[in-house]
Structures are given as structure tokens and as C-alpha cells.
Amino acid sequence: MQIFTKAKHVSDDALGLHALDDLTESDRQPVACHLARCPHCRRRFEEVREFVSFLRLAAATQAAERPYVIH
């Protein structure tokens with residue numbers, strides 16, 4: 001997976017993994033440093049993080065409404 005794009009911004013895949021707290025240790029540091037100094041990527045990361053939060057909330061809500069599965 002590419003961490004940075006050709007334009008030297010964090011890739012969408014890396015932003016998603018970072019929002020899920022699923023980046024490898026070796027990738028986490030450069031992404032965090034870049035986000036600290038790049039307003040463009042920071043805005044994109046906030047959007048991705050909000051979307052991930054929405055998905056988690058939706059999944060939790062659905063699980064609460066359907067606590068079991070009928071096979």
C-alpha cells in the first residue's frame with residue numbers, strides 16, 4: 001500500500017487505516033507527522049474519521065435492533 005500520493009499527500013487508503021487505528025507502527029509515524037503540518041490532509045482525515053464514526057454508530061445501532069440472527 002502506498003502511504004503517500006505522487007502529490008506528496010497521505011493516500012486515501014492510509015487515511016482510512018489511520019482513522020481505524022489500523023496502520024502499522026512504521027506507517028503511523030510518517031502519517032501523523034504529515035497530518036500535523038498539512039492542512040489539506042488534516043481536513044481529509046477529519047472527514048474520513050467522521051465517516052468511520054458514523055459507520056460505527058450505524059453498525060452499533062443495527063446490532064442493538066437485531067441482537068440475533070435467524071438462519
# chains A, B, ... in the order shown; residues from 1 in each chain; ligands from 1
>>> select_by_dssp(residues="chain A", states="alpha helix (DSSP H)", output="compact mmCIF listing (two decimals) with N, CA and C atoms, in the first residue's frame")
# COMPACT_ATOMS: atom_id res chain seq x y z
N ASP A 12 -5.64 7.94 0.31
CA ASP A 12 -6.95 7.65 0.90
C ASP A 12 -6.91 6.37 1.72
N ASP A 13 -6.21 5.35 1.23
CA ASP A 13 -6.11 4.10 1.98
C ASP A 13 -5.45 4.32 3.34
N ALA A 14 -4.37 5.08 3.34
CA ALA A 14 -3.66 5.33 4.60
C ALA A 14 -4.52 6.17 5.55
N LEU A 15 -5.25 7.15 5.02
CA LEU A 15 -6.15 7.93 5.87
C LEU A 15 -7.21 7.04 6.51
N GLY A 16 -7.77 6.14 5.72
CA GLY A 16 -8.78 5.22 6.25
C GLY A 16 -8.22 4.32 7.33
N LEU A 17 -7.07 3.75 7.08
CA LEU A 17 -6.45 2.87 8.08
C LEU A 17 -6.07 3.64 9.33
N HIS A 18 -5.63 4.87 9.16
CA HIS A 18 -5.28 5.70 10.32
C HIS A 18 -6.54 6.01 11.14
N ALA A 19 -7.65 6.29 10.46
CA ALA A 19 -8.91 6.56 11.16
C ALA A 19 -9.39 5.33 11.91
N GLU A 25 2.89 0.17 12.75
CA GLU A 25 3.69 1.09 13.57
C GLU A 25 4.63 1.92 12.71
N SER A 26 5.23 1.30 11.70
CA SER A 26 6.18 2.02 10.86
C SER A 26 5.50 3.05 9.96
N ASP A 27 4.22 2.87 9.65
CA ASP A 27 3.49 3.83 8.82
C ASP A 27 2.82 4.92 9.64
N ARG A 28 2.51 4.62 10.88
CA ARG A 28 1.78 5.57 11.74
C ARG A 28 2.55 6.87 11.94
N GLN A 29 3.82 6.77 12.20
CA GLN A 29 4.65 7.95 12.49
C GLN A 29 4.70 8.94 11.32
N PRO A 30 5.05 8.50 10.10
CA PRO A 30 5.10 9.47 8.99
C PRO A 30 3.74 10.08 8.68
N VAL A 31 2.67 9.31 8.82
CA VAL A 31 1.33 9.85 8.56
C VAL A 31 0.99 10.90 9.61
N ALA A 32 1.24 10.60 10.87
CA ALA A 32 0.95 11.56 11.94
C ALA A 32 1.76 12.84 11.76
N CYS A 33 3.03 12.72 11.40
CA CYS A 33 3.86 13.91 11.18
C CYS A 33 3.34 14.73 10.01
N HIS A 34 2.93 14.07 8.93
CA HIS A 34 2.41 14.79 7.78
C HIS A 34 1.11 15.50 8.13
N LEU A 35 0.22 14.82 8.86
CA LEU A 35 -1.05 15.43 9.25
C LEU A 35 -0.83 16.66 10.13
N ALA A 36 0.21 16.64 10.92
CA ALA A 36 0.49 17.77 11.80
C ALA A 36 0.87 19.03 11.03
N ARG A 37 1.39 18.86 9.81
CA ARG A 37 1.84 20.04 9.07
C ARG A 37 1.09 20.31 7.77
N PRO A 39 -2.56 21.08 6.24
CA PRO A 39 -3.98 21.34 6.47
C PRO A 39 -4.90 20.60 5.50
N HIS A 40 -4.43 20.40 4.27
CA HIS A 40 -5.24 19.68 3.28
C HIS A 40 -5.53 18.25 3.74
N CYS A 41 -4.49 17.54 4.13
CA CYS A 41 -4.64 16.16 4.57
C CYS A 41 -5.38 16.08 5.91
N ARG A 42 -5.13 17.06 6.76
CA ARG A 42 -5.82 17.08 8.05
C ARG A 42 -7.32 17.20 7.86
N ARG A 43 -7.77 18.07 6.93
CA ARG A 43 -9.21 18.20 6.63
C ARG A 43 -9.76 16.89 6.08
N ARG A 44 -9.03 16.28 5.16
CA ARG A 44 -9.48 15.00 4.60
C ARG A 44 -9.55 13.92 5.67
N PHE A 45 -8.56 13.91 6.58
CA PHE A 45 -8.56 12.92 7.65
C PHE A 45 -9.76 13.12 8.57
N GLU A 46 -10.10 14.37 8.88
CA GLU A 46 -11.27 14.63 9.73
C GLU A 46 -12.54 14.13 9.06
N GLU A 47 -12.66 14.31 7.75
CA GLU A 47 -13.82 13.80 7.03
C GLU A 47 -13.89 12.28 7.10
N VAL A 48 -12.75 11.63 6.89
CA VAL A 48 -12.71 10.17 6.95
C VAL A 48 -13.03 9.69 8.36
N ARG A 49 -12.49 10.35 9.36
CA ARG A 49 -12.74 9.96 10.75
C ARG A 49 -14.21 10.12 11.11
N GLU A 50 -14.85 11.20 10.64
CA GLU A 50 -16.28 11.39 10.88
C GLU A 50 -17.09 10.28 10.21
N PHE A 51 -16.70 9.90 8.99
CA PHE A 51 -17.39 8.84 8.28
C PHE A 51 -17.24 7.51 9.01
N VAL A 52 -16.06 7.21 9.48
CA VAL A 52 -15.82 5.98 10.24
C VAL A 52 -16.67 5.98 11.52
N SER A 53 -16.74 7.11 12.19
CA SER A 53 -17.57 7.21 13.40
C SER A 53 -19.04 6.96 13.07
N PHE A 54 -19.50 7.53 11.95
CA PHE A 54 -20.88 7.31 11.51
C PHE A 54 -21.13 5.82 11.25
N LEU A 55 -20.21 5.17 10.56
CA LEU A 55 -20.38 3.75 10.27
C LEU A 55 -20.40 2.91 11.54
N ARG A 56 -19.55 3.24 12.49
CA ARG A 56 -19.53 2.51 13.76
C ARG A 56 -20.85 2.69 14.51
N LEU A 57 -21.36 3.91 14.52
CA LEU A 57 -22.63 4.18 15.17
C LEU A 57 -23.76 3.43 14.48
N ALA A 58 -23.77 3.45 13.17
CA ALA A 58 -24.81 2.74 12.41
C ALA A 58 -24.74 1.24 12.68
N ALA A 59 -23.55 0.68 12.71
CA ALA A 59 -23.40 -0.75 12.98
C ALA A 59 -23.85 -1.09 14.39
N ALA A 60 -23.51 -0.24 15.37
CA ALA A 60 -23.93 -0.49 16.75
C ALA A 60 -25.44 -0.39 16.89
N THR A 61 -26.04 0.57 16.20
CA THR A 61 -27.49 0.74 16.24
C THR A 61 -28.18 -0.47 15.64
N GLN A 62 -27.67 -0.93 14.51
CA GLN A 62 -28.27 -2.10 13.87
C GLN A 62 -28.11 -3.33 14.73
N ALA A 63 -26.96 -3.50 15.36
CA ALA A 63 -26.74 -4.65 16.23
C ALA A 63 -27.68 -4.61 17.42
N ALA A 64 -27.96 -3.42 17.95
CA ALA A 64 -28.87 -3.30 19.09
C ALA A 64 -30.30 -3.62 18.68
N GLU A 65 -30.66 -3.27 17.45
CA GLU A 65 -32.01 -3.55 16.96
C GLU A 65 -32.19 -5.00 16.57
